Amino acid sequence: MAEPGFKSVLFVCLGNICRSPIAEAVFRKLVTDQNISDNWRIDSAATSTYEVGNPPDYRGQSCMKKHGIPMSHVARQVPYMNFTCVFCYSGPLTAALFLTGMWAVPQTQEL
């Protein structure tokens with residue numbers, strides 16, 4: 001369970017090499033720039049195992065570098081952990097998290 005005043009966010013996409021690691025990197029930069037990173041646990045993961053162990057797609061890395069946003073990530077599958085908020089990047093991903101029991105939380109937002 002998250003500590004009082006402590007927030008956590010998990011960004012989820014199919015392979016964890018494009019959308020979710022980009023979202024993680026951007027969000028991490030936003031909270032770092034606000035000097036509140038000590039209050040956050042920020043992560044990203046995949047619903048599939050297709051890309052586990054791979055780095056983010058080169059196009060996403062290039063975009064993050066172009067905008068001066070640090071990105072250090074290795075694709076992995078969704079852990080069974082408790083997050084304050086989860087952002088899924090398609091309806092089927094949201095369904096996969098609920099149907100497999102990998103996720104159960106009142107604040108899930110489909111993007």
# chains A, B, ... in the order shown; residues from 1 in each chain; ligands from 1
>>> residues_around(residues="Gly15 in chain A", least_positions_apart="2", cutoff="10 Å", atoms="only C-alpha atoms", output="CSV table (one decimal) with all heavy atoms, in the first residue's frame")
chain,number,residue,atom,x,y,z
A,12,VAL,N,1.1,1.8,-18.9
A,12,VAL,CA,1.1,0.5,-19.4
A,12,VAL,C,0.8,0.6,-20.9
A,12,VAL,O,-0.2,1.3,-21.4
A,12,VAL,CB,0.0,-0.4,-18.7
A,12,VAL,CG1,-0.1,-1.7,-19.4
A,12,VAL,CG2,0.3,-0.4,-17.3
A,13,CYS,N,1.5,-0.2,-21.7
A,13,CYS,CA,1.2,-0.4,-23.1
A,13,CYS,C,1.5,-1.8,-23.5
A,13,CYS,O,2.0,-2.6,-22.6
A,13,CYS,CB,1.9,0.6,-24.1
A,13,CYS,SG,3.7,0.4,-24.2
A,17,ILE,N,7.9,-0.6,-25.0
A,17,ILE,CA,9.1,0.0,-25.7
A,17,ILE,C,8.8,1.3,-26.4
A,17,ILE,O,9.7,1.9,-26.9
A,17,ILE,CB,9.7,-1.0,-26.7
A,17,ILE,CG1,8.7,-1.4,-27.8
A,17,ILE,CG2,10.2,-2.3,-26.0
A,17,ILE,CD1,9.4,-2.0,-29.0
A,18,CYS,N,7.5,1.7,-26.4
A,18,CYS,CA,7.1,2.9,-27.1
A,18,CYS,C,6.4,3.9,-26.2
A,18,CYS,O,7.0,4.8,-25.6
A,18,CYS,CB,6.3,2.6,-28.4
A,18,CYS,SG,7.2,1.7,-29.7
A,19,ARG,N,5.1,3.7,-26.1
A,19,ARG,CA,4.2,4.7,-25.4
A,19,ARG,C,4.5,4.8,-23.9
A,19,ARG,O,4.7,5.9,-23.4
A,19,ARG,CB,2.7,4.3,-25.7
A,19,ARG,CG,2.3,4.4,-27.1
A,19,ARG,CD,1.0,3.7,-27.4
A,19,ARG,NE,1.1,2.3,-27.3
A,19,ARG,CZ,0.2,1.4,-27.4
A,19,ARG,NH1,-1.1,1.8,-27.7
A,19,ARG,NH2,0.4,0.1,-27.3
A,20,SER,N,4.5,3.6,-23.3
A,20,SER,CA,4.6,3.7,-21.8
A,20,SER,C,6.0,4.2,-21.3
A,20,SER,O,6.1,5.0,-20.4
A,20,SER,CB,4.2,2.4,-21.2
A,20,SER,OG,5.0,1.3,-21.6
A,21,PRO,N,7.1,3.8,-21.9
A,21,PRO,CA,8.4,4.3,-21.4
A,21,PRO,C,8.5,5.8,-21.8
A,21,PRO,O,9.2,6.6,-21.0
A,21,PRO,CB,9.5,3.5,-22.1
A,21,PRO,CG,8.8,2.8,-23.2
A,21,PRO,CD,7.4,2.7,-22.9
A,45,ALA,N,5.3,-0.5,-17.8
A,45,ALA,CA,5.4,-1.9,-18.0
A,45,ALA,C,4.5,-2.3,-19.2
A,45,ALA,O,3.7,-1.5,-19.7
A,45,ALA,CB,5.0,-2.7,-16.8
A,46,ALA,N,4.6,-3.6,-19.6
A,46,ALA,CA,3.8,-4.1,-20.7
A,46,ALA,C,2.8,-5.1,-20.2
A,46,ALA,O,3.0,-5.7,-19.2
A,46,ALA,CB,4.8,-4.8,-21.7
A,47,THR,N,1.8,-5.3,-21.0
A,47,THR,CA,0.8,-6.4,-20.7
A,47,THR,C,1.3,-7.7,-21.4
A,47,THR,O,1.0,-8.8,-21.0
A,47,THR,CB,-0.6,-6.1,-21.3
A,47,THR,OG1,-0.5,-5.8,-22.7
A,47,THR,CG2,-1.2,-5.0,-20.5
A,48,SER,N,2.2,-7.6,-22.4
A,48,SER,CA,2.7,-8.8,-23.1
A,48,SER,C,4.2,-9.1,-22.7
A,48,SER,O,4.8,-8.3,-22.0
A,48,SER,CB,2.7,-8.6,-24.6
A,48,SER,OG,3.7,-7.7,-25.0
A,49,THR,N,4.7,-10.2,-23.2
A,49,THR,CA,6.1,-10.5,-22.9
A,49,THR,C,6.9,-10.3,-24.2
A,49,THR,O,8.1,-10.7,-24.2
A,49,THR,CB,6.2,-11.9,-22.4
A,49,THR,OG1,5.7,-12.8,-23.4
A,49,THR,CG2,5.5,-12.1,-21.1
A,50,TYR,N,6.3,-9.8,-25.3
A,50,TYR,CA,7.0,-9.7,-26.6
A,50,TYR,C,8.3,-9.0,-26.5
A,50,TYR,O,9.3,-9.4,-27.2
A,50,TYR,CB,6.1,-8.9,-27.6
A,50,TYR,CG,4.7,-9.5,-27.8
A,50,TYR,CD1,3.7,-8.6,-27.9
A,50,TYR,CD2,4.5,-10.8,-28.0
A,50,TYR,CE1,2.4,-9.1,-28.2
A,50,TYR,CE2,3.3,-11.3,-28.3
A,50,TYR,CZ,2.2,-10.5,-28.4
A,50,TYR,OH,0.9,-11.0,-28.6
A,51,GLU,N,8.4,-8.0,-25.8
A,51,GLU,CA,9.6,-7.1,-25.8
A,51,GLU,C,10.4,-7.1,-24.5
A,51,GLU,O,11.3,-6.3,-24.3
A,51,GLU,CB,9.2,-5.7,-26.1
A,51,GLU,CG,8.5,-5.5,-27.5
A,51,GLU,CD,9.4,-5.7,-28.7
A,51,GLU,OE1,10.7,-5.7,-28.5
A,51,GLU,OE2,8.9,-5.7,-29.8
A,52,VAL,N,10.1,-8.0,-23.6
A,52,VAL,CA,10.7,-8.0,-22.3
A,52,VAL,C,12.2,-8.1,-22.4
A,52,VAL,O,12.8,-8.9,-23.2
A,52,VAL,CB,10.2,-9.2,-21.4
A,52,VAL,CG1,11.1,-9.3,-20.1
A,52,VAL,CG2,8.8,-8.9,-21.0
A,54,ASN,N,14.1,-5.7,-23.7
A,54,ASN,CA,14.6,-4.8,-24.8
A,54,ASN,C,14.6,-3.3,-24.4
A,54,ASN,O,13.8,-2.9,-23.5
A,54,ASN,CB,13.7,-5.0,-26.0
A,54,ASN,CG,13.9,-6.3,-26.7
A,54,ASN,OD1,15.0,-6.9,-26.6
A,54,ASN,ND2,12.9,-6.8,-27.4
A,56,PRO,N,13.9,0.8,-25.1
A,56,PRO,CA,12.8,1.5,-25.8
A,56,PRO,C,13.2,1.6,-27.3
A,56,PRO,O,14.3,1.6,-27.7
A,56,PRO,CB,12.8,2.9,-25.2
A,56,PRO,CG,13.4,2.7,-23.8
A,56,PRO,CD,14.4,1.6,-24.0
A,75,ALA,N,12.3,-2.9,-21.1
A,75,ALA,CA,11.0,-3.4,-21.1
A,75,ALA,C,10.7,-4.5,-20.2
A,75,ALA,O,11.6,-5.4,-20.0
A,75,ALA,CB,10.6,-3.8,-22.6
A,76,ARG,N,9.6,-4.5,-19.5
A,76,ARG,CA,9.2,-5.6,-18.6
A,76,ARG,C,7.7,-5.7,-18.5
A,76,ARG,O,7.0,-4.8,-19.0
A,76,ARG,CB,9.8,-5.3,-17.2
A,76,ARG,CG,9.2,-4.1,-16.6
A,76,ARG,CD,10.0,-3.7,-15.3
A,76,ARG,NE,9.3,-2.7,-14.5
A,76,ARG,CZ,8.5,-3.0,-13.5
A,76,ARG,NH1,8.3,-4.2,-13.2
A,76,ARG,NH2,7.9,-2.0,-12.9
A,77,GLN,N,7.2,-6.8,-18.0
A,77,GLN,CA,5.8,-7.0,-17.9
A,77,GLN,C,5.3,-6.4,-16.6
A,77,GLN,O,6.0,-6.2,-15.6
A,77,GLN,CB,5.5,-8.5,-17.9
A,77,GLN,CG,4.0,-8.8,-18.2
A,77,GLN,CD,3.8,-10.3,-18.5
A,77,GLN,OE1,4.6,-11.1,-18.0
A,77,GLN,NE2,2.8,-10.6,-19.2
>>> atom_distance(atom1="CA of Met64 in chain A", atom2="CA of Gly5 in chain A")
29.3 Å
>>> closest_residue(among="A:Gly60, A:Pro79, A:Gly53, A:Pro70", to="Thr32 in chain A", atoms="only C-alpha atoms")
A:Pro70
>>> atom_distance(atom1="CA of Gln34 in chain A", atom2="CA of Phe11 in chain A")
19.8 Å
>>> atom_distance(atom1="CA of Ile42 in chain A", atom2="CA of Val9 in chain A")
5.1 Å
>>> residues_around(residues="Thr84 in chain A", least_positions_apart="2", cutoff="7 Å", atoms="only C-alpha atoms", output="ChimeraX atom specification")
/A:7-9,82
>>> write_last_selection(atoms="N, CA, C and O atoms", output="PDB file, in the first residue's frame")
ATOM      1  N   LYS A   7       2.716   9.140  -3.791  1.00  0.00           N
ATOM      2  CA  LYS A   7       1.911   8.778  -4.949  1.00  0.00           C
ATOM      3  C   LYS A   7       2.721   7.876  -5.865  1.00  0.00           C
ATOM      4  O   LYS A   7       3.940   7.935  -5.892  1.00  0.00           O
ATOM      5  N   SER A   8       2.017   7.069  -6.626  1.00  0.00           N
ATOM      6  CA  SER A   8       2.693   6.199  -7.579  1.00  0.00           C
ATOM      7  C   SER A   8       1.857   6.106  -8.848  1.00  0.00           C
ATOM      8  O   SER A   8       0.630   6.179  -8.808  1.00  0.00           O
ATOM      9  N   VAL A   9       2.554   5.969  -9.956  1.00  0.00           N
ATOM     10  CA  VAL A   9       1.870   5.894 -11.246  1.00  0.00           C
ATOM     11  C   VAL A   9       2.559   4.839 -12.103  1.00  0.00           C
ATOM     12  O   VAL A   9       3.783   4.695 -12.069  1.00  0.00           O
ATOM     13  N   ASN A  82       0.952  -2.339  -6.038  1.00  0.00           N
ATOM     14  CA  ASN A  82      -0.093  -1.383  -5.751  1.00  0.00           C
ATOM     15  C   ASN A  82       0.360   0.011  -6.178  1.00  0.00           C
ATOM     16  O   ASN A  82       1.311   0.541  -5.641  1.00  0.00           O
TER      17      ASN A  82
END
>>> closest_residue(among="A:His67, A:Leu10, A:Ile36, A:Leu30", to="Cys85 in chain A", atoms="only C-alpha atoms")
A:Leu10
>>> residues_around(residues="Gly68 in chain A", least_positions_apart="6", cutoff="12 Å", atoms="only C-alpha atoms", output="list of chain:residue names")
A:Ala25, A:Val26, A:Lys29, A:Gln61, A:Ser62
>>> write_last_selection(atoms="N, CA and C atoms", output="compact mmCIF listing (two decimals), in the first residue's frame")
# COMPACT_ATOMS: atom_id res chain seq x y z
N ALA A 25 9.12 8.59 -18.88
CA ALA A 25 10.23 9.55 -18.94
C ALA A 25 9.74 11.00 -18.83
N VAL A 26 8.67 11.32 -19.54
CA VAL A 26 8.13 12.68 -19.51
C VAL A 26 7.59 13.00 -18.12
N LYS A 29 10.38 13.55 -15.66
CA LYS A 29 10.99 14.87 -15.82
C LYS A 29 10.11 15.96 -15.22
N GLN A 61 13.48 6.99 -28.22
CA GLN A 61 14.73 7.47 -27.62
C GLN A 61 15.22 8.74 -28.31
N SER A 62 15.11 8.76 -29.62
CA SER A 62 15.53 9.93 -30.40
C SER A 62 14.69 11.16 -30.04
>>> closest_residue(among="A:Ile22, A:Phe6, A:Phe87, A:Tyr58", to="Asp38 in chain A", atoms="only C-alpha atoms")
A:Phe6
